[in-house]
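Visitor: Starting off with a structure, shown below.
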Amino acid sequence: MSETSGHDDVVRDLASRAGFAVRWTDQAGTAQEVSPETLKRLLASLKLDCETEEQAKGSLTRLDAGARVRPPLVTTLAGQSFDIDAPAGVSAKLTREDGATFAFRLDEGDGGRARVRPILETGYHRLEFGDEAVTVAVSPGRGRSIVEAGGGRRMWGLAAQVYGLTRRGDGGIGDLGGVAALAEAAARDGSDALALSPLHAGFTADPYHFGPYSPSSRLFLNPLHADPDFLFGEDRVRAASEAAGVEGAREEQERAALIDWPAAAALKLATFRTLHASFREFDLGGNPRGRLAADYAAFLTEGGALLQEHARFEALHAARFGADPFQWDWRRWPEGLRNPRGPEVEAFAQAHASEVDFHLFLQWIADRSFAAAQSVARGAGMAIGLVSDLAVGMDAGGSHAWSRQDDVLVGLSVGSPPDLFNPNGQAWGLATFSPIALRANGFAPFIATLRACMRHAGGVRIDHAMGLQRLWMVPEGESSRNGAYLAFPVDDLLRLTALESERNECVVVGEDLGTVPEGFRERIAAAGIAGMRVLQFERREGEGFFPPRYYPADALAMTTTHDLPTMAGWWSGADIALRASIRGEQFGESENDRATREVERAELWRAFEEAGVAEGARPTPDETDPAVAAAIRFLAETPSKLVLLPLEDALGQVEQPNLPGTLDEHPNWRRRLPAPAPGLLAEERAAERLNSLNRGREGS
């Protein structure tokens, strides 16, 4: 065996032990193998050096030693015994969350481990034995399901792009006041849910970075979607806007068809700064302090260190990026400022205390806006209410990666491997958690992220839910071809998701579209996570579209998603024309695109006819309204316990919110509704579409 071959074998072994799939099968069924050079770059991001064989062997030793360390948290299922790394026969004490204690002895388990008797109560309990202790997360196994939320009824809801909602006073960017108004109107129409685009925290200092799926942190919110009217009242907010000298400019932004993120953000933040100054002077400075000051203090206490670190990052980012555009990423900051708990960051925070407090204030008004909107939704009669959206990762240059560097795989990007649709694969520029760090830190980052998304929501949609089991990881700056699948502790993550779902009374939907690992859909269904079925995808080549009965009862049914053409856009072929107008190898128009779409239109209309939701001659491509109406009636007939209708389809719109793979070629995440959504939904054709959902969902 050559020296190189021996080194490569050790690298492959190290990669496999770390969770990387050295071999995998692509979408065409062809076996693939990841090169040793790619594995070395991937392993380096896990701090597993392997440039030389000696380094690789040393990393392997450290990895194995780490695996033998007892983790601070273990997961199990309620009512089932489980094994831990401890000697059998020793005395143990279980302290439940409610304070009750139980003494017992550890039984003999498998493989020299000790067995713990079944724990019936779900929750986070403390298990002590000898001089050691672990947290035991006891999961119900299944979280709160859509069936439970609706009492077994077949429900429907709407899906909205928050930024695109309009209302008087929103300053040109949709906010949670618009969400509350839409939720109240939709509930009157019979809706039980309102799914929202991600509300994660972006980069306040860089409003050009506005994509909702590329957040700075998923633990906090984007203050540009806050509605301070909920806390301060409309008059005080308008007075702040006038005092800031931006009221007229805000009204101009509100009339625009497309969001000008930099301009609208600057105007909103100017209003917020004036409000913040007023709040500090009159509410915090009052004697005695009033209700708002007490609520703010409670919010800061609850947010703790994570909240303070996020606010410090925002202030630092504004200072560094404002002074030097090349310091947008914290990894380019002076060394002392890269340490969130170092003396230089502490000194900066003290010197800029007011600026840090401003960002704490922004998070407070955003959090309370979200809570108020959910209160409106549930108060109006929605069984679920707001459904938040959990992005698959976060920007490596953002707040979470800076404040919790050991949690995150900085230097790797989440993406997807080459497939039939993207021959070069995709790298999304998003970082994610390290599975090694998750285990070592008791899954604290994952639990905190779930809680942040469930905090004020009746449901959460997990984007690219396959990430609970594996993610395609690519070294930053490299082609997606130079990537590999990284495994995650799926059993632990599913148990924790079910536990947090139960505790927060929050249903969970997993976006399981694309390349799905074998058995994954069955696995998440067993955990009470609803999968997704999108009409445009529910077909088999040569056989046409599946009938309504094909849709599972425990899955969410949709006409489309934010990344796909609207129903009117698909029927008309507008998406084909759009792609043809854009340069790039994944765009353009093949000779067969329009012919294929014509066949698909015929197949879909036939499926509508066979389901009894359409009759007569098939509409022409320009006749989109009958096709949209039939699609909605079709999904209303499915067994799915929740049909989610994107607002674009409820209104019969042609344009889609986002076209993946584009930047300036398409106005991604910028379209605003021409009027407030409640009024648009009350118009005749939109109202009839919603009524058809009610009729199709009745009697179940």
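We name chains A, B, ... following the order of the structure tokens; residues begin at 1 in each chain, and ligands are numbered from 1 as shown.
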Please run DSSP on the backbone and report, as a PyMOL selection string, all residues within segment 470-694 of chain A that come out as strand (DSSP E or B).

Guide: chain A and resi 470-475+484-487+507-510+530+532-534+539-540+544-545+556-558+642-646+671

Visitor: Where does segment 226-297 of chain A meet segment 667-670 of chain A within 8 Å, residue by residue, with the nearest atom pair and distance in Å to one decimal for each, counting only C-alpha atoms, listed by chain and rising number, as JSON lines?

Guide:
```
{"residue": "A:Leu258", "atom": "CA", "partner": "A:Arg670", "partner_atom": "CA", "distance": 5.2}
{"residue": "A:Ile259", "atom": "CA", "partner": "A:Arg670", "partner_atom": "CA", "distance": 4.8}
{"residue": "A:Asp260", "atom": "CA", "partner": "A:Arg670", "partner_atom": "CA", "distance": 7.5}
{"residue": "A:Trp261", "atom": "CA", "partner": "A:Arg670", "partner_atom": "CA", "distance": 7.9}
```

Visitor: The selected residues should be written to file as a PDB file, in the first residue's frame (atoms: N, CA and C atoms).

Guide:
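After the write, part_3.pdb holds the following:
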```pdb
ATOM      1  N   LEU A 258     -42.967  47.889  -5.561  1.00  0.00           N
ATOM      2  CA  LEU A 258     -41.834  47.067  -5.139  1.00  0.00           C
ATOM      3  C   LEU A 258     -41.164  47.720  -3.937  1.00  0.00           C
ATOM      4  N   ILE A 259     -40.728  46.907  -2.997  1.00  0.00           N
ATOM      5  CA  ILE A 259     -40.057  47.435  -1.814  1.00  0.00           C
ATOM      6  C   ILE A 259     -38.664  47.936  -2.190  1.00  0.00           C
ATOM      7  N   ASP A 260     -38.367  49.147  -1.808  1.00  0.00           N
ATOM      8  CA  ASP A 260     -37.008  49.676  -1.867  1.00  0.00           C
ATOM      9  C   ASP A 260     -36.426  49.452  -0.471  1.00  0.00           C
ATOM     10  N   TRP A 261     -35.808  48.288  -0.261  1.00  0.00           N
ATOM     11  CA  TRP A 261     -35.393  47.908   1.085  1.00  0.00           C
ATOM     12  C   TRP A 261     -34.478  48.940   1.741  1.00  0.00           C
TER      13      TRP A 261
END
```

Visitor: Counting only C-alpha atoms, which residues in segment 511-567 of chain A sit no more than 9 Å from segment 637-643 of chain A? For each one, give the nearest pair of atoms and the distance in Å, sorted by chain then residue number, as a Markdown table.

Guide:
```
| residue | atom | partner | partner_atom | distance |
| --- | --- | --- | --- | --- |
| A:Pro547 | CA | A:Thr638 | CA | 8.3 |
| A:Pro548 | CA | A:Thr638 | CA | 4.5 |
| A:Arg549 | CA | A:Thr638 | CA | 5.7 |
| A:Tyr550 | CA | A:Thr638 | CA | 7.7 |
| A:Tyr551 | CA | A:Thr638 | CA | 6.0 |
| A:Pro552 | CA | A:Ser640 | CA | 5.7 |
| A:Ala553 | CA | A:Ser640 | CA | 3.9 |
| A:Asp554 | CA | A:Ser640 | CA | 6.0 |
| A:Ala555 | CA | A:Ser640 | CA | 5.7 |
| A:Leu556 | CA | A:Leu642 | CA | 5.2 |
| A:Ala557 | CA | A:Val643 | CA | 4.7 |
| A:Met558 | CA | A:Val643 | CA | 5.9 |
| A:Thr559 | CA | A:Val643 | CA | 8.7 |
```

Visitor: Restrict the selected residues to C-alpha atoms and save them as a JSON list (two decimals), in the first residue's frame.

Guide:
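So the final result, stored in out26.json, reads:
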```json
[["chain", "number", "residue", "atom", "x", "y", "z"],
["A", 547, "PRO", "CA", -56.19, 12.19, -7.65],
["A", 548, "PRO", "CA", -57.21, 13.87, -4.39],
["A", 549, "ARG", "CA", -57.38, 10.57, -2.50],
["A", 550, "TYR", "CA", -53.62, 10.15, -3.02],
["A", 551, "TYR", "CA", -52.83, 13.01, -0.62],
["A", 552, "PRO", "CA", -52.07, 11.73, 2.92],
["A", 553, "ALA", "CA", -54.30, 12.93, 5.71],
["A", 554, "ASP", "CA", -51.29, 13.85, 7.86],
["A", 555, "ALA", "CA", -49.63, 15.99, 5.18],
["A", 556, "LEU", "CA", -50.13, 19.64, 4.33],
["A", 557, "ALA", "CA", -51.45, 20.22, 0.78],
["A", 558, "MET", "CA", -50.52, 23.33, -1.24],
["A", 559, "THR", "CA", -50.97, 24.62, -4.75]]
```

Visitor: Enumerate, as a PyMOL selection string, the complete set of residues in segment 58-236 of chain A that a backbone-based DSSP assignment places in alpha helix (DSSP H).

Guide: chain A and resi 58-68+146-149+176-188+229-232+234-236

Visitor: Which residues are close to segment 229-239 of chain A, i.e. within 8 Å by only C-alpha atoms, leaving aside same-chain residues fewer than 3 positions away? Reply as a list in words.

Guide: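 Within the cut-off, the hits are Gly177, Glu242, Ala243, Glu247, Thr271, Leu275, Leu292, Ile365, Arg368, Ser369 and Ala372 of chain A.
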
Visitor: Now that the selection is made, can you save its residues with C-alpha atoms as a PDB file, in the first residue's frame?

Guide:
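Listed below is the output, part.pdb:
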```pdb
ATOM      1  CA  GLY A 177     -49.823  44.759  12.011  1.00  0.00           C
ATOM      2  CA  GLU A 242     -43.147  63.246  12.160  1.00  0.00           C
ATOM      3  CA  ALA A 243     -40.480  64.179  14.721  1.00  0.00           C
ATOM      4  CA  GLU A 247     -43.652  60.804   7.587  1.00  0.00           C
ATOM      5  CA  THR A 271     -38.946  56.327  13.345  1.00  0.00           C
ATOM      6  CA  LEU A 275     -39.492  56.157  19.549  1.00  0.00           C
ATOM      7  CA  LEU A 292     -44.074  49.428  29.275  1.00  0.00           C
ATOM      8  CA  ILE A 365     -41.066  45.671  19.841  1.00  0.00           C
ATOM      9  CA  ARG A 368     -44.330  41.891  21.306  1.00  0.00           C
ATOM     10  CA  SER A 369     -45.669  42.514  17.777  1.00  0.00           C
ATOM     11  CA  ALA A 372     -49.959  40.447  19.569  1.00  0.00           C
TER      12      ALA A 372
END
```

Visitor: Report as a compact mmCIF listing (two decimals) with N, CA and C atoms, in the first residue's frame all protein, DNA and RNA residues lying within 6 Å of segment 198-212 of chain A, evaluated on only C-alpha atoms, omitting residues in the same chain fewer than 3 positions from it.

Guide:
```txt
# COMPACT_ATOMS: atom_id res chain seq x y z
N PRO A 215 -30.69 34.48 7.20
CA PRO A 215 -30.70 35.37 8.36
C PRO A 215 -29.36 35.49 9.06
N SER A 216 -29.25 36.52 9.86
CA SER A 216 -28.11 36.68 10.75
C SER A 216 -28.26 35.75 11.95
N SER A 217 -29.51 35.62 12.41
CA SER A 217 -29.81 34.74 13.54
C SER A 217 -31.25 34.28 13.44
N ARG A 218 -31.46 33.00 13.77
CA ARG A 218 -32.82 32.47 13.83
C ARG A 218 -33.38 32.54 15.23
N PHE A 220 -33.67 35.41 16.86
CA PHE A 220 -34.28 36.72 17.06
C PHE A 220 -35.02 37.14 15.79
N LEU A 221 -35.68 38.28 15.85
CA LEU A 221 -36.61 38.69 14.81
C LEU A 221 -36.09 39.88 14.02
N ASN A 222 -36.65 40.04 12.82
CA ASN A 222 -36.33 41.19 11.98
C ASN A 222 -37.19 42.37 12.43
N TRP A 261 -35.81 48.29 -0.26
CA TRP A 261 -35.39 47.91 1.09
C TRP A 261 -34.48 48.94 1.74
N PRO A 262 -33.43 49.43 1.08
CA PRO A 262 -32.56 50.41 1.76
C PRO A 262 -33.31 51.68 2.17
N ALA A 318 -22.77 47.47 12.74
CA ALA A 318 -23.02 48.80 12.19
C ALA A 318 -21.75 49.65 12.22
N ASP A 389 -41.78 30.23 10.08
CA ASP A 389 -40.97 29.51 9.11
C ASP A 389 -39.53 29.48 9.61
```

Visitor: May I have the residues within 12 Å of Glu252 of chain A as a list in words, using only C-alpha atoms and disregarding those fewer than 2 positions away in the same chain?

Guide: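 My reading of the contact set: Arg168, Gly169, Asp170, Gly171, Gly172, Ile173, Val246, Glu247, Gly248, Ala249, Arg250, Glu254, Arg255, Ala256, Ala257, Leu258, Ile259, Asp260, Ala263, Ala264 and Leu267 of chain A.
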
Visitor: Identify which of the residues A:Ala371, A:Ala159, A:Leu647, A:Met382 lies closest to Gly190 of chain A, counting only C-alpha atoms when measuring atom-to-atom distances.

Guide: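 For Gly190 of chain A, the nearest of the candidates is A:Met382.
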
Visitor: Any idea what's packed within 10 Å of segment 404-411 of chain A, counting only C-alpha atoms, ignoring anything in its chain fewer than 2 positions away? Could you give it as an MDAnalysis selection string?

Guide: chainID A and resid 41:42 44:47 306 309 331 338:340 393:397 399:402 413:414 429:438 440:441 443:446 473:477

Visitor: Got a sec: who's within 10 Å of segment 95-103 of chain A, counting only C-alpha atoms, leaving out chain neighbours fewer than 3 positions off, as a list in words?

Guide: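 My list of contacting residues is Ser91, Ala92, Leu106, Ile119, Glu121, Thr122, Gly123, Tyr124, His125, Arg126, Leu127, Glu128, Phe129, Thr135 and Val136 of chain A.
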
Visitor: Deliver the residues from the most recent selection as a file, using N, CA and C atoms, as a compact mmCIF listing (two decimals), in the first residue's frame.

Guide:
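Below is the file selection.txt, written as the result:
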```txt
# COMPACT_ATOMS: atom_id res chain seq x y z
N SER A 91 -26.51 3.61 42.84
CA SER A 91 -27.70 4.35 43.24
C SER A 91 -27.88 5.57 42.35
N ALA A 92 -29.12 5.90 42.07
CA ALA A 92 -29.42 7.04 41.20
C ALA A 92 -30.61 7.80 41.76
N LEU A 106 -29.58 1.74 39.14
CA LEU A 106 -29.47 1.52 37.70
C LEU A 106 -29.37 0.03 37.42
N ILE A 119 -39.44 6.43 32.27
CA ILE A 119 -39.95 7.67 32.86
C ILE A 119 -41.23 8.03 32.12
N GLU A 121 -43.31 10.77 32.62
CA GLU A 121 -43.62 12.18 32.43
C GLU A 121 -42.66 12.80 31.42
N THR A 122 -43.21 13.47 30.41
CA THR A 122 -42.36 14.16 29.44
C THR A 122 -41.75 15.41 30.08
N GLY A 123 -40.62 15.84 29.53
CA GLY A 123 -39.97 17.04 30.04
C GLY A 123 -38.47 16.85 30.14
N TYR A 124 -37.82 17.85 30.75
CA TYR A 124 -36.38 17.83 30.94
C TYR A 124 -36.10 17.55 32.42
N HIS A 125 -35.65 16.35 32.71
CA HIS A 125 -35.44 15.91 34.08
C HIS A 125 -33.95 15.72 34.34
N ARG A 126 -33.59 15.72 35.63
CA ARG A 126 -32.18 15.58 36.03
C ARG A 126 -31.96 14.20 36.63
N LEU A 127 -30.99 13.49 36.07
CA LEU A 127 -30.64 12.16 36.57
C LEU A 127 -29.24 12.22 37.17
N GLU A 128 -29.14 11.88 38.48
CA GLU A 128 -27.86 11.90 39.18
C GLU A 128 -27.46 10.48 39.56
N PHE A 129 -26.17 10.18 39.43
CA PHE A 129 -25.64 8.89 39.86
C PHE A 129 -24.17 9.10 40.20
N THR A 135 -28.97 15.55 32.00
CA THR A 135 -30.35 15.93 31.74
C THR A 135 -30.97 14.87 30.83
N VAL A 136 -32.16 14.42 31.21
CA VAL A 136 -32.88 13.44 30.40
C VAL A 136 -34.08 14.14 29.77
```

Visitor: Point out the residue among A:Leu564, A:Ala186, A:Leu120, A:Val628 with the least atom-to-atom distance to Arg689 of chain A, counting only C-alpha atoms.

Guide: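 Among A:Leu564, A:Ala186, A:Leu120, A:Val628, it is A:Val628 that comes nearest to Arg689 of chain A.
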
Visitor: Which residue is closest to Glu505 of chain A? Choose from A:Gln27, A:Thr620, A:Thr662, A:Ser145 and count only C-alpha atoms.

Guide: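 Using only C-alpha atoms, Glu505 of chain A sits closest to A:Ser145.
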